[in-house]
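One file, upload.pdb, is given below (PDB, C-alpha atoms).
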```
ATOM      1  CA  MET A   1     137.697  50.339 -92.875  1.00  0.00           C
ATOM      2  CA  ASP A   2     138.932  53.896 -93.442  1.00  0.00           C
ATOM      3  CA  LYS A   3     135.744  55.267 -92.021  1.00  0.00           C
ATOM      4  CA  LYS A   4     136.251  53.311 -88.819  1.00  0.00           C
ATOM      5  CA  LYS A   5     139.777  54.659 -88.490  1.00  0.00           C
ATOM      6  CA  LYS A   6     138.669  58.261 -88.925  1.00  0.00           C
ATOM      7  CA  THR A   7     135.963  58.169 -86.253  1.00  0.00           C
ATOM      8  CA  LYS A   8     137.874  58.397 -83.013  1.00  0.00           C
ATOM      9  CA  LYS A   9     136.100  56.969 -80.018  1.00  0.00           C
ATOM     10  CA  LYS A  10     135.328  59.649 -77.465  1.00  0.00           C
ATOM     11  CA  SER A  11     135.910  58.996 -73.824  1.00  0.00           C
ATOM     12  CA  PRO A  12     132.866  59.020 -71.524  1.00  0.00           C
ATOM     13  CA  SER A  13     134.156  62.134 -69.765  1.00  0.00           C
ATOM     14  CA  ARG A  14     134.495  63.901 -73.113  1.00  0.00           C
ATOM     15  CA  ILE A  15     130.938  62.965 -74.068  1.00  0.00           C
ATOM     16  CA  LYS A  16     129.740  64.189 -70.695  1.00  0.00           C
ATOM     17  CA  TYR A  17     131.635  67.463 -71.068  1.00  0.00           C
ATOM     18  CA  GLU A  18     130.381  68.078 -74.589  1.00  0.00           C
ATOM     19  CA  THR A  19     126.779  67.528 -73.574  1.00  0.00           C
ATOM     20  CA  SER A  20     127.114  69.850 -70.582  1.00  0.00           C
ATOM     21  CA  HIS A  21     129.051  72.457 -72.595  1.00  0.00           C
ATOM     22  CA  PRO A  22     127.386  72.897 -75.987  1.00  0.00           C
ATOM     23  CA  THR A  23     128.877  75.228 -78.585  1.00  0.00           C
ATOM     24  CA  VAL A  24     127.655  78.467 -80.046  1.00  0.00           C
ATOM     25  CA  SER A  25     129.039  79.434 -83.405  1.00  0.00           C
ATOM     26  CA  ALA A  26     128.854  82.182 -85.971  1.00  0.00           C
ATOM     27  CA  ARG A  27     130.595  82.831 -89.258  1.00  0.00           C
ATOM     28  CA  ILE A  28     132.057  86.320 -89.384  1.00  0.00           C
ATOM     29  CA  PRO A  29     134.442  88.131 -91.764  1.00  0.00           C
ATOM     30  CA  VAL A  30     138.180  87.909 -91.080  1.00  0.00           C
ATOM     31  CA  ALA A  31     138.473  91.651 -90.416  1.00  0.00           C
ATOM     32  CA  VAL A  32     135.697  91.560 -87.824  1.00  0.00           C
ATOM     33  CA  LYS A  33     137.317  88.569 -86.149  1.00  0.00           C
ATOM     34  CA  ALA A  34     140.640  90.405 -85.986  1.00  0.00           C
ATOM     35  CA  LYS A  35     138.907  93.413 -84.398  1.00  0.00           C
ATOM     36  CA  ILE A  36     137.205  91.161 -81.849  1.00  0.00           C
ATOM     37  CA  VAL A  37     140.506  89.511 -80.948  1.00  0.00           C
ATOM     38  CA  ALA A  38     142.139  92.939 -80.526  1.00  0.00           C
ATOM     39  CA  ASN A  39     139.253  94.194 -78.367  1.00  0.00           C
ATOM     40  CA  LEU A  40     139.325  91.077 -76.219  1.00  0.00           C
ATOM     41  CA  LYS A  41     143.064  91.427 -75.761  1.00  0.00           C
ATOM     42  CA  LYS A  42     142.562  95.019 -74.634  1.00  0.00           C
ATOM     43  CA  LEU A  43     139.955  93.886 -72.089  1.00  0.00           C
ATOM     44  CA  ASP A  44     142.143  90.934 -71.063  1.00  0.00           C
ATOM     45  CA  MET A  45     139.320  88.498 -71.738  1.00  0.00           C
ATOM     46  CA  ASN A  46     138.678  85.571 -73.988  1.00  0.00           C
ATOM     47  CA  MET A  47     135.615  84.958 -76.102  1.00  0.00           C
ATOM     48  CA  ALA A  48     133.987  82.670 -73.541  1.00  0.00           C
ATOM     49  CA  ASP A  49     134.473  85.325 -70.836  1.00  0.00           C
ATOM     50  CA  ALA A  50     132.792  87.905 -73.065  1.00  0.00           C
ATOM     51  CA  PHE A  51     129.774  85.676 -73.518  1.00  0.00           C
ATOM     52  CA  LYS A  52     129.688  84.842 -69.832  1.00  0.00           C
ATOM     53  CA  LYS A  53     129.670  88.543 -69.052  1.00  0.00           C
ATOM     54  CA  LEU A  54     126.898  89.060 -71.539  1.00  0.00           C
ATOM     55  CA  ALA A  55     124.945  86.282 -69.843  1.00  0.00           C
ATOM     56  CA  GLY A  56     125.420  88.109 -66.552  1.00  0.00           C
ATOM     57  CA  GLU A  57     127.554  85.422 -64.957  1.00  0.00           C
ATOM     58  CA  LEU A  58     130.882  87.152 -65.087  1.00  0.00           C
ATOM     59  CA  ASP A  59     130.212  89.803 -62.532  1.00  0.00           C
ATOM     60  CA  GLU A  60     132.396  91.046 -59.718  1.00  0.00           C
ATOM     61  CA  LYS A  61     131.807  87.875 -57.722  1.00  0.00           C
ATOM     62  CA  ILE A  62     133.351  85.553 -60.236  1.00  0.00           C
ATOM     63  CA  LYS A  63     136.469  87.227 -61.532  1.00  0.00           C
ATOM     64  CA  PRO A  64     137.697  89.628 -58.937  1.00  0.00           C
ATOM     65  CA  THR A  65     140.956  88.083 -57.688  1.00  0.00           C
ATOM     66  CA  GLU A  66     142.700  87.877 -61.021  1.00  0.00           C
ATOM     67  CA  LEU A  67     141.832  91.453 -61.892  1.00  0.00           C
ATOM     68  CA  THR A  68     142.724  92.878 -58.492  1.00  0.00           C
ATOM     69  CA  ASN A  69     145.998  90.978 -58.438  1.00  0.00           C
ATOM     70  CA  LYS A  70     146.866  92.394 -61.819  1.00  0.00           C
ATOM     71  CA  ALA A  71     145.891  95.878 -60.722  1.00  0.00           C
ATOM     72  CA  GLU A  72     148.024  95.568 -57.594  1.00  0.00           C
ATOM     73  CA  TYR A  73     150.893  94.201 -59.621  1.00  0.00           C
ATOM     74  CA  GLN A  74     150.664  97.138 -62.008  1.00  0.00           C
ATOM     75  CA  ALA A  75     150.474  99.578 -59.104  1.00  0.00           C
ATOM     76  CA  GLY A  76     153.603  98.011 -57.627  1.00  0.00           C
ATOM     77  CA  ILE A  77     155.406  98.266 -60.925  1.00  0.00           C
ATOM     78  CA  SER A  78     154.502 101.937 -61.304  1.00  0.00           C
ATOM     79  CA  VAL A  79     155.775 102.701 -57.790  1.00  0.00           C
ATOM     80  CA  ALA A  80     159.002 100.809 -58.440  1.00  0.00           C
ATOM     81  CA  ARG A  81     159.447 102.680 -61.714  1.00  0.00           C
ATOM     82  CA  GLN A  82     158.929 105.962 -59.926  1.00  0.00           C
ATOM     83  CA  TYR A  83     161.697 105.101 -57.447  1.00  0.00           C
ATOM     84  CA  TYR A  84     164.216 103.158 -59.482  1.00  0.00           C
ATOM     85  CA  ALA A  85     163.785 103.918 -63.170  1.00  0.00           C
ATOM     86  CA  VAL A  86     166.280 106.382 -64.606  1.00  0.00           C
ATOM     87  CA  SER A  87     164.904 108.250 -67.579  1.00  0.00           C
ATOM     88  CA  TYR A  88     165.862 111.010 -69.942  1.00  0.00           C
ATOM     89  CA  ASN A  89     164.138 113.049 -72.632  1.00  0.00           C
ATOM     90  CA  CYS A  90     164.647 112.097 -76.259  1.00  0.00           C
ATOM     91  CA  CYS A  91     166.505 114.886 -78.041  1.00  0.00           C
ATOM     92  CA  LYS A  92     164.352 114.456 -81.168  1.00  0.00           C
ATOM     93  CA  CYS A  93     160.785 113.987 -79.965  1.00  0.00           C
ATOM     94  CA  GLY A  94     161.193 115.107 -76.344  1.00  0.00           C
ATOM     95  CA  GLN A  95     159.406 112.070 -74.920  1.00  0.00           C
ATOM     96  CA  THR A  96     160.676 110.395 -71.783  1.00  0.00           C
ATOM     97  CA  LYS A  97     162.722 107.248 -72.261  1.00  0.00           C
ATOM     98  CA  VAL A  98     163.811 104.881 -69.527  1.00  0.00           C
ATOM     99  CA  ILE A  99     167.436 103.751 -69.518  1.00  0.00           C
ATOM    100  CA  ASN A 100     167.312 100.073 -70.419  1.00  0.00           C
ATOM    101  CA  THR A 101     169.966  99.095 -72.902  1.00  0.00           C
ATOM    102  CA  ARG A 102     173.617  98.410 -72.158  1.00  0.00           C
ATOM    103  CA  LYS A 103     174.735 101.295 -74.394  1.00  0.00           C
ATOM    104  CA  GLU A 104     172.540 103.772 -72.526  1.00  0.00           C
ATOM    105  CA  LYS A 105     173.871 102.548 -69.193  1.00  0.00           C
ATOM    106  CA  GLU A 106     177.475 102.841 -70.374  1.00  0.00           C
ATOM    107  CA  ALA A 107     176.843 106.392 -71.621  1.00  0.00           C
ATOM    108  CA  ALA A 108     175.213 107.394 -68.329  1.00  0.00           C
ATOM    109  CA  SER A 109     178.108 105.879 -66.379  1.00  0.00           C
ATOM    110  CA  LYS A 110     180.620 107.765 -68.501  1.00  0.00           C
ATOM    111  CA  LEU A 111     178.784 111.064 -68.052  1.00  0.00           C
ATOM    112  CA  MET A 112     178.543 110.645 -64.276  1.00  0.00           C
ATOM    113  CA  THR A 113     182.214 109.744 -63.994  1.00  0.00           C
ATOM    114  CA  GLU A 114     183.176 112.795 -66.030  1.00  0.00           C
ATOM    115  CA  ALA A 115     180.931 115.040 -63.954  1.00  0.00           C
ATOM    116  CA  GLY A 116     182.742 113.888 -60.810  1.00  0.00           C
ATOM    117  CA  TRP A 117     180.017 111.967 -59.036  1.00  0.00           C
ATOM    118  CA  CYS A 118     181.238 110.038 -55.987  1.00  0.00           C
ATOM    119  CA  HIS A 119     180.122 108.332 -52.791  1.00  0.00           C
ATOM    120  CA  GLU A 120     178.506 110.703 -50.301  1.00  0.00           C
ATOM    121  CA  THR A 121     180.705 109.367 -47.515  1.00  0.00           C
ATOM    122  CA  CYS A 122     183.958 109.484 -49.431  1.00  0.00           C
ATOM    123  CA  PRO A 123     186.389 112.237 -48.286  1.00  0.00           C
ATOM    124  CA  GLU A 124     187.810 114.759 -50.709  1.00  0.00           C
ATOM    125  CA  PRO A 125     190.869 113.277 -52.408  1.00  0.00           C
ATOM    126  CA  ASN A 126     193.167 116.319 -51.612  1.00  0.00           C
ATOM    127  CA  LEU A 127     192.401 116.541 -47.897  1.00  0.00           C
ATOM    128  CA  PRO A 128     193.982 114.188 -45.338  1.00  0.00           C
ATOM    129  CA  GLN A 129     191.639 111.366 -44.431  1.00  0.00           C
ATOM    130  CA  THR A 130     191.732 111.850 -40.630  1.00  0.00           C
ATOM    131  CA  THR A 131     193.071 114.742 -38.575  1.00  0.00           C
ATOM    132  CA  PRO A 132     195.576 113.421 -36.005  1.00  0.00           C
ATOM    133  CA  ALA A 133     194.594 113.878 -32.372  1.00  0.00           C
ATOM    134  CA  LYS A 134     196.385 116.735 -30.613  1.00  0.00           C
ATOM    135  CA  PRO A 135     198.534 115.609 -27.662  1.00  0.00           C
ATOM    136  CA  ILE A 136     197.138 116.781 -24.324  1.00  0.00           C
ATOM    137  CA  PRO A 137     199.547 118.943 -22.332  1.00  0.00           C
ATOM    138  CA  ALA A 138     200.769 117.425 -19.093  1.00  0.00           C
ATOM    139  CA  ASN A 139     199.141 120.044 -16.862  1.00  0.00           C
ATOM    140  CA  MET A 140     195.734 119.428 -18.469  1.00  0.00           C
ATOM    141  CA  ARG A 141     195.827 115.641 -17.997  1.00  0.00           C
ATOM    142  CA  ARG A 142     193.499 114.072 -15.457  1.00  0.00           C
ATOM    143  CA  PRO A 143     195.299 112.060 -12.790  1.00  0.00           C
ATOM    144  CA  ASN A 144     194.857 108.293 -13.104  1.00  0.00           C
ATOM    145  CA  PRO A 145     192.933 106.962 -10.089  1.00  0.00           C
ATOM    146  CA  ASN A 146     194.632 103.545 -10.373  1.00  0.00           C
ATOM    147  CA  PRO A 147     198.172 104.190 -11.386  1.00  0.00           C
ATOM    148  CA  PRO A 148     200.120 101.105 -12.356  1.00  0.00           C
ATOM    149  CA  VAL A 149     202.389  99.964  -9.549  1.00  0.00           C
ATOM    150  CA  VAL A 150     205.863  99.684 -10.843  1.00  0.00           C
ATOM    151  CA  SER A 151     208.296  98.550  -8.291  1.00  0.00           C
ATOM    152  CA  THR A 152     211.486  96.696  -8.497  1.00  0.00           C
ATOM    153  CA  ASP A 153     211.674  96.045  -4.798  1.00  0.00           C
ATOM    154  CA  LYS A 154     211.449  92.251  -4.444  1.00  0.00           C
ATOM    155  CA  SER A 155     211.015  92.366  -0.699  1.00  0.00           C
ATOM    156  CA  ASN A 156     207.928  94.575  -1.122  1.00  0.00           C
ATOM    157  CA  VAL A 157     206.398  92.086  -3.540  1.00  0.00           C
ATOM    158  CA  SER A 158     207.029  89.195  -1.216  1.00  0.00           C
ATOM    159  CA  ARG A 159     205.520  91.169   1.660  1.00  0.00           C
ATOM    160  CA  ASP A 160     202.384  91.708  -0.355  1.00  0.00           C
ATOM    161  CA  ARG A 161     202.199  88.041  -1.150  1.00  0.00           C
ATOM    162  CA  ILE A 162     202.487  87.122   2.523  1.00  0.00           C
ATOM    163  CA  ARG A 163     199.778  89.634   3.408  1.00  0.00           C
ATOM    164  CA  ARG A 164     197.407  88.174   0.788  1.00  0.00           C
ATOM    165  CA  PHE A 165     198.201  84.699   2.052  1.00  0.00           C
ATOM    166  CA  MET A 166     197.461  85.659   5.614  1.00  0.00           C
ATOM    167  CA  GLN A 167     194.165  87.287   4.587  1.00  0.00           C
ATOM    168  CA  GLY A 168     193.209  84.060   2.865  1.00  0.00           C
ATOM    169  CA  LEU A 169     193.711  82.149   6.090  1.00  0.00           C
TER     170      LEU A 169
ATOM    171  CA  MET B 170     139.162  76.968-104.943  1.00  0.00           C
ATOM    172  CA  ASN B 171     135.434  77.253-105.410  1.00  0.00           C
ATOM    173  CA  SER B 172     133.199  80.010-104.095  1.00  0.00           C
ATOM    174  CA  LYS B 173     132.213  78.066-100.981  1.00  0.00           C
ATOM    175  CA  GLU B 174     135.820  77.522-100.032  1.00  0.00           C
ATOM    176  CA  ARG B 175     136.606  81.181-100.698  1.00  0.00           C
ATOM    177  CA  PHE B 176     133.693  82.239 -98.531  1.00  0.00           C
ATOM    178  CA  GLU B 177     134.724  79.896 -95.730  1.00  0.00           C
ATOM    179  CA  LYS B 178     138.259  81.211 -95.860  1.00  0.00           C
ATOM    180  CA  SER B 179     137.245  84.853 -95.722  1.00  0.00           C
ATOM    181  CA  ASN B 180     134.514  84.220 -93.130  1.00  0.00           C
ATOM    182  CA  PRO B 181     135.952  81.904 -90.512  1.00  0.00           C
ATOM    183  CA  MET B 182     133.766  80.197 -87.968  1.00  0.00           C
ATOM    184  CA  VAL B 183     133.934  81.411 -84.403  1.00  0.00           C
ATOM    185  CA  ILE B 184     133.074  78.513 -82.130  1.00  0.00           C
ATOM    186  CA  ILE B 185     132.765  78.924 -78.394  1.00  0.00           C
ATOM    187  CA  ARG B 186     132.015  76.127 -75.963  1.00  0.00           C
ATOM    188  CA  LEU B 187     130.086  77.340 -72.945  1.00  0.00           C
ATOM    189  CA  PRO B 188     128.337  75.689 -70.029  1.00  0.00           C
ATOM    190  CA  ALA B 189     124.764  74.837 -71.016  1.00  0.00           C
ATOM    191  CA  GLU B 190     123.292  77.193 -68.446  1.00  0.00           C
ATOM    192  CA  THR B 191     125.446  80.107 -69.571  1.00  0.00           C
ATOM    193  CA  ARG B 192     124.630  79.407 -73.180  1.00  0.00           C
ATOM    194  CA  GLU B 193     120.919  79.484 -72.447  1.00  0.00           C
ATOM    195  CA  LYS B 194     121.276  82.740 -70.538  1.00  0.00           C
ATOM    196  CA  MET B 195     123.326  84.261 -73.313  1.00  0.00           C
ATOM    197  CA  LEU B 196     120.866  83.227 -75.985  1.00  0.00           C
ATOM    198  CA  ALA B 197     118.028  84.586 -73.847  1.00  0.00           C
ATOM    199  CA  GLU B 198     119.910  87.869 -73.508  1.00  0.00           C
ATOM    200  CA  LEU B 199     120.417  88.029 -77.260  1.00  0.00           C
ATOM    201  CA  HIS B 200     116.760  87.265 -77.824  1.00  0.00           C
ATOM    202  CA  LYS B 201     115.834  90.043 -75.399  1.00  0.00           C
ATOM    203  CA  ARG B 202     117.978  92.479 -77.339  1.00  0.00           C
ATOM    204  CA  GLY B 203     116.672  91.162 -80.657  1.00  0.00           C
ATOM    205  CA  MET B 204     120.116  90.381 -81.951  1.00  0.00           C
ATOM    206  CA  THR B 205     121.839  87.443 -83.529  1.00  0.00           C
ATOM    207  CA  LEU B 206     125.215  86.164 -82.393  1.00  0.00           C
ATOM    208  CA  LYS B 207     126.812  87.529 -85.532  1.00  0.00           C
ATOM    209  CA  GLU B 208     125.362  90.990 -84.904  1.00  0.00           C
ATOM    210  CA  LEU B 209     126.587  90.887 -81.338  1.00  0.00           C
ATOM    211  CA  LEU B 210     130.097  89.945 -82.430  1.00  0.00           C
ATOM    212  CA  THR B 211     130.128  92.698 -85.051  1.00  0.00           C
ATOM    213  CA  ALA B 212     128.919  95.239 -82.484  1.00  0.00           C
ATOM    214  CA  PHE B 213     131.636  94.152 -80.098  1.00  0.00           C
ATOM    215  CA  ALA B 214     134.257  94.419 -82.830  1.00  0.00           C
ATOM    216  CA  ASN B 215     133.155  97.988 -83.520  1.00  0.00           C
ATOM    217  CA  GLY B 216     133.238  98.914 -79.825  1.00  0.00           C
ATOM    218  CA  GLN B 217     129.480  99.305 -79.526  1.00  0.00           C
ATOM    219  CA  CYS B 218     129.043  96.725 -76.773  1.00  0.00           C
ATOM    220  CA  SER B 219     129.006  98.857 -73.657  1.00  0.00           C
ATOM    221  CA  SER B 220     128.289  96.035 -71.223  1.00  0.00           C
ATOM    222  CA  LEU B 221     131.572  94.390 -72.176  1.00  0.00           C
ATOM    223  CA  ASP B 222     133.617  97.571 -72.086  1.00  0.00           C
ATOM    224  CA  SER B 223     132.913  98.204 -68.412  1.00  0.00           C
TER     225      SER B 223
END
```
How does the structure come out when it is put into structure tokens?
Amino acid sequence: MDKKKKTKKKSPSRIKYETSHPTVSARIPVAVKAKIVANLKKLDMNMADAFKKLAGELDEKIKPTELTNKAEYQAGISVARQYYAVSYNCCKCGQTKVINTRKEKEAASKLMTEAGWCHETCPEPNLPQTTPAKPIPANMRRPNPNPPVVSTDKSNVSRDRIRRFMQGL
Amino acid sequence: MNSKERFEKSNPMVIIRLPAETREKMLAELHKRGMTLKELLTAFANGQCSSLDS
């Protein structure tokens, strides 16, 4: 009864898959296995990929997109780093370190504030923001071609109205 | 723990399931090189497998 329970019935698709994909196996020391795993990680491959490559199947035709995408992604990251990453040299070892942590950012902000960094477009705080326009002297002014008609003569206005009315007729 | 169990613990089994065709090709390649699978894995672990490094 127990034996029956232990043997799990395989699905037809599983049987089909196992017959079409047989296993290869080897017993190797733990240290060697660890080295293999590390090497595969470095190459960004798994064990099956390594064997496929050995069999000559994993050539440029089969696995190009994944690799090229990764390469492009890395290239993009390096360009972005070049433009946007702010780094400084470690005072102990001298190696470059990118500003990442909150503390580093706060320290950088403090230093820049103390050094007097500001917006490029901002005016100097002591100078007036805008120089007032000088008034043009009367003799230098250009005469207005359409001067506003200011008249208080009501009869004149009514005459104009009549003229416009007559023109309309 | 007996010696067999100790051995099995310190020498784990590496099992890879491959398509039948690939497996045949791989075994043929190994045969051509006169190596066993274990030797190949050891060589790869020691960085001596140039075809995989490229």
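The spacing separating atom CA of Glu208 of chain B from atom CA of Thr19 of chain A amounts to 26.1 Å.
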Handout entry: Atomic distance atom CA of Ala133 of chain A - atom CA of Cys118 of chain A, expressed in Å with one decimal
Key =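 One can read the atom CA of Ala133 of chain A to atom CA of Cys118 of chain A distance as 27.4 Å.
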Enclose the full set of atoms of segment 193-209 of chain B listed in the file within a box whose edges lie along x, y and z, apply 8 Å of padding to each of the six sides, and report centre and edge lengths in Å to one decimal as lines of an AutoDock Vina configuration file.
```
center_x = 121.3
center_y = 86.0
center_z = -78.0
size_x = 27.0
size_y = 29.0
size_z = 31.0
```
Handout entry: Explicit residue set for the ChimeraX specification (/B :<10) & /A, as number ranges by chain
Key = A: 17-40, 42-43, 45-58
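The space between atom CA of Arg102 of chain A and atom CA of Gly76 of chain A spans 24.7 Å.
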Missing atoms in segment 25-40 of chain A need filling: write out N, CA and C atoms for it as a compact mmCIF listing (two decimals), in the frame of the given file.
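Dumped everything to result-v5.txt:
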```txt
# COMPACT_ATOMS: atom_id res chain seq x y z
N SER A 25 128.13 79.10 -82.32
CA SER A 25 129.04 79.43 -83.40
C SER A 25 128.43 80.47 -84.34
N ALA A 26 129.29 81.20 -84.97
CA ALA A 26 128.85 82.18 -85.97
C ALA A 26 129.96 82.33 -86.99
N ARG A 27 129.59 82.61 -88.21
CA ARG A 27 130.60 82.83 -89.26
C ARG A 27 130.69 84.34 -89.49
N ILE A 28 131.87 84.87 -89.26
CA ILE A 28 132.06 86.32 -89.38
C ILE A 28 133.26 86.61 -90.28
N PRO A 29 133.30 87.79 -90.91
CA PRO A 29 134.44 88.13 -91.76
C PRO A 29 135.76 88.17 -90.98
N VAL A 30 136.85 87.95 -91.70
CA VAL A 30 138.18 87.91 -91.08
C VAL A 30 138.49 89.22 -90.36
N ALA A 31 138.16 90.34 -91.00
CA ALA A 31 138.47 91.65 -90.42
C ALA A 31 137.75 91.83 -89.08
N VAL A 32 136.48 91.42 -89.06
CA VAL A 32 135.70 91.56 -87.82
C VAL A 32 136.30 90.68 -86.73
N LYS A 33 136.72 89.49 -87.13
CA LYS A 33 137.32 88.57 -86.15
C LYS A 33 138.60 89.18 -85.56
N ALA A 34 139.39 89.78 -86.45
CA ALA A 34 140.64 90.40 -85.99
C ALA A 34 140.35 91.53 -84.99
N LYS A 35 139.29 92.31 -85.31
CA LYS A 35 138.91 93.41 -84.40
C LYS A 35 138.47 92.86 -83.04
N ILE A 36 137.69 91.77 -83.10
CA ILE A 36 137.21 91.16 -81.85
C ILE A 36 138.38 90.69 -81.01
N VAL A 37 139.33 90.03 -81.67
CA VAL A 37 140.51 89.51 -80.95
C VAL A 37 141.27 90.67 -80.31
N ALA A 38 141.42 91.77 -81.07
CA ALA A 38 142.14 92.94 -80.53
C ALA A 38 141.41 93.53 -79.33
N ASN A 39 140.06 93.64 -79.47
CA ASN A 39 139.25 94.19 -78.37
C ASN A 39 139.32 93.32 -77.12
N LEU A 40 139.27 92.00 -77.36
CA LEU A 40 139.32 91.08 -76.22
C LEU A 40 140.68 91.15 -75.53
```
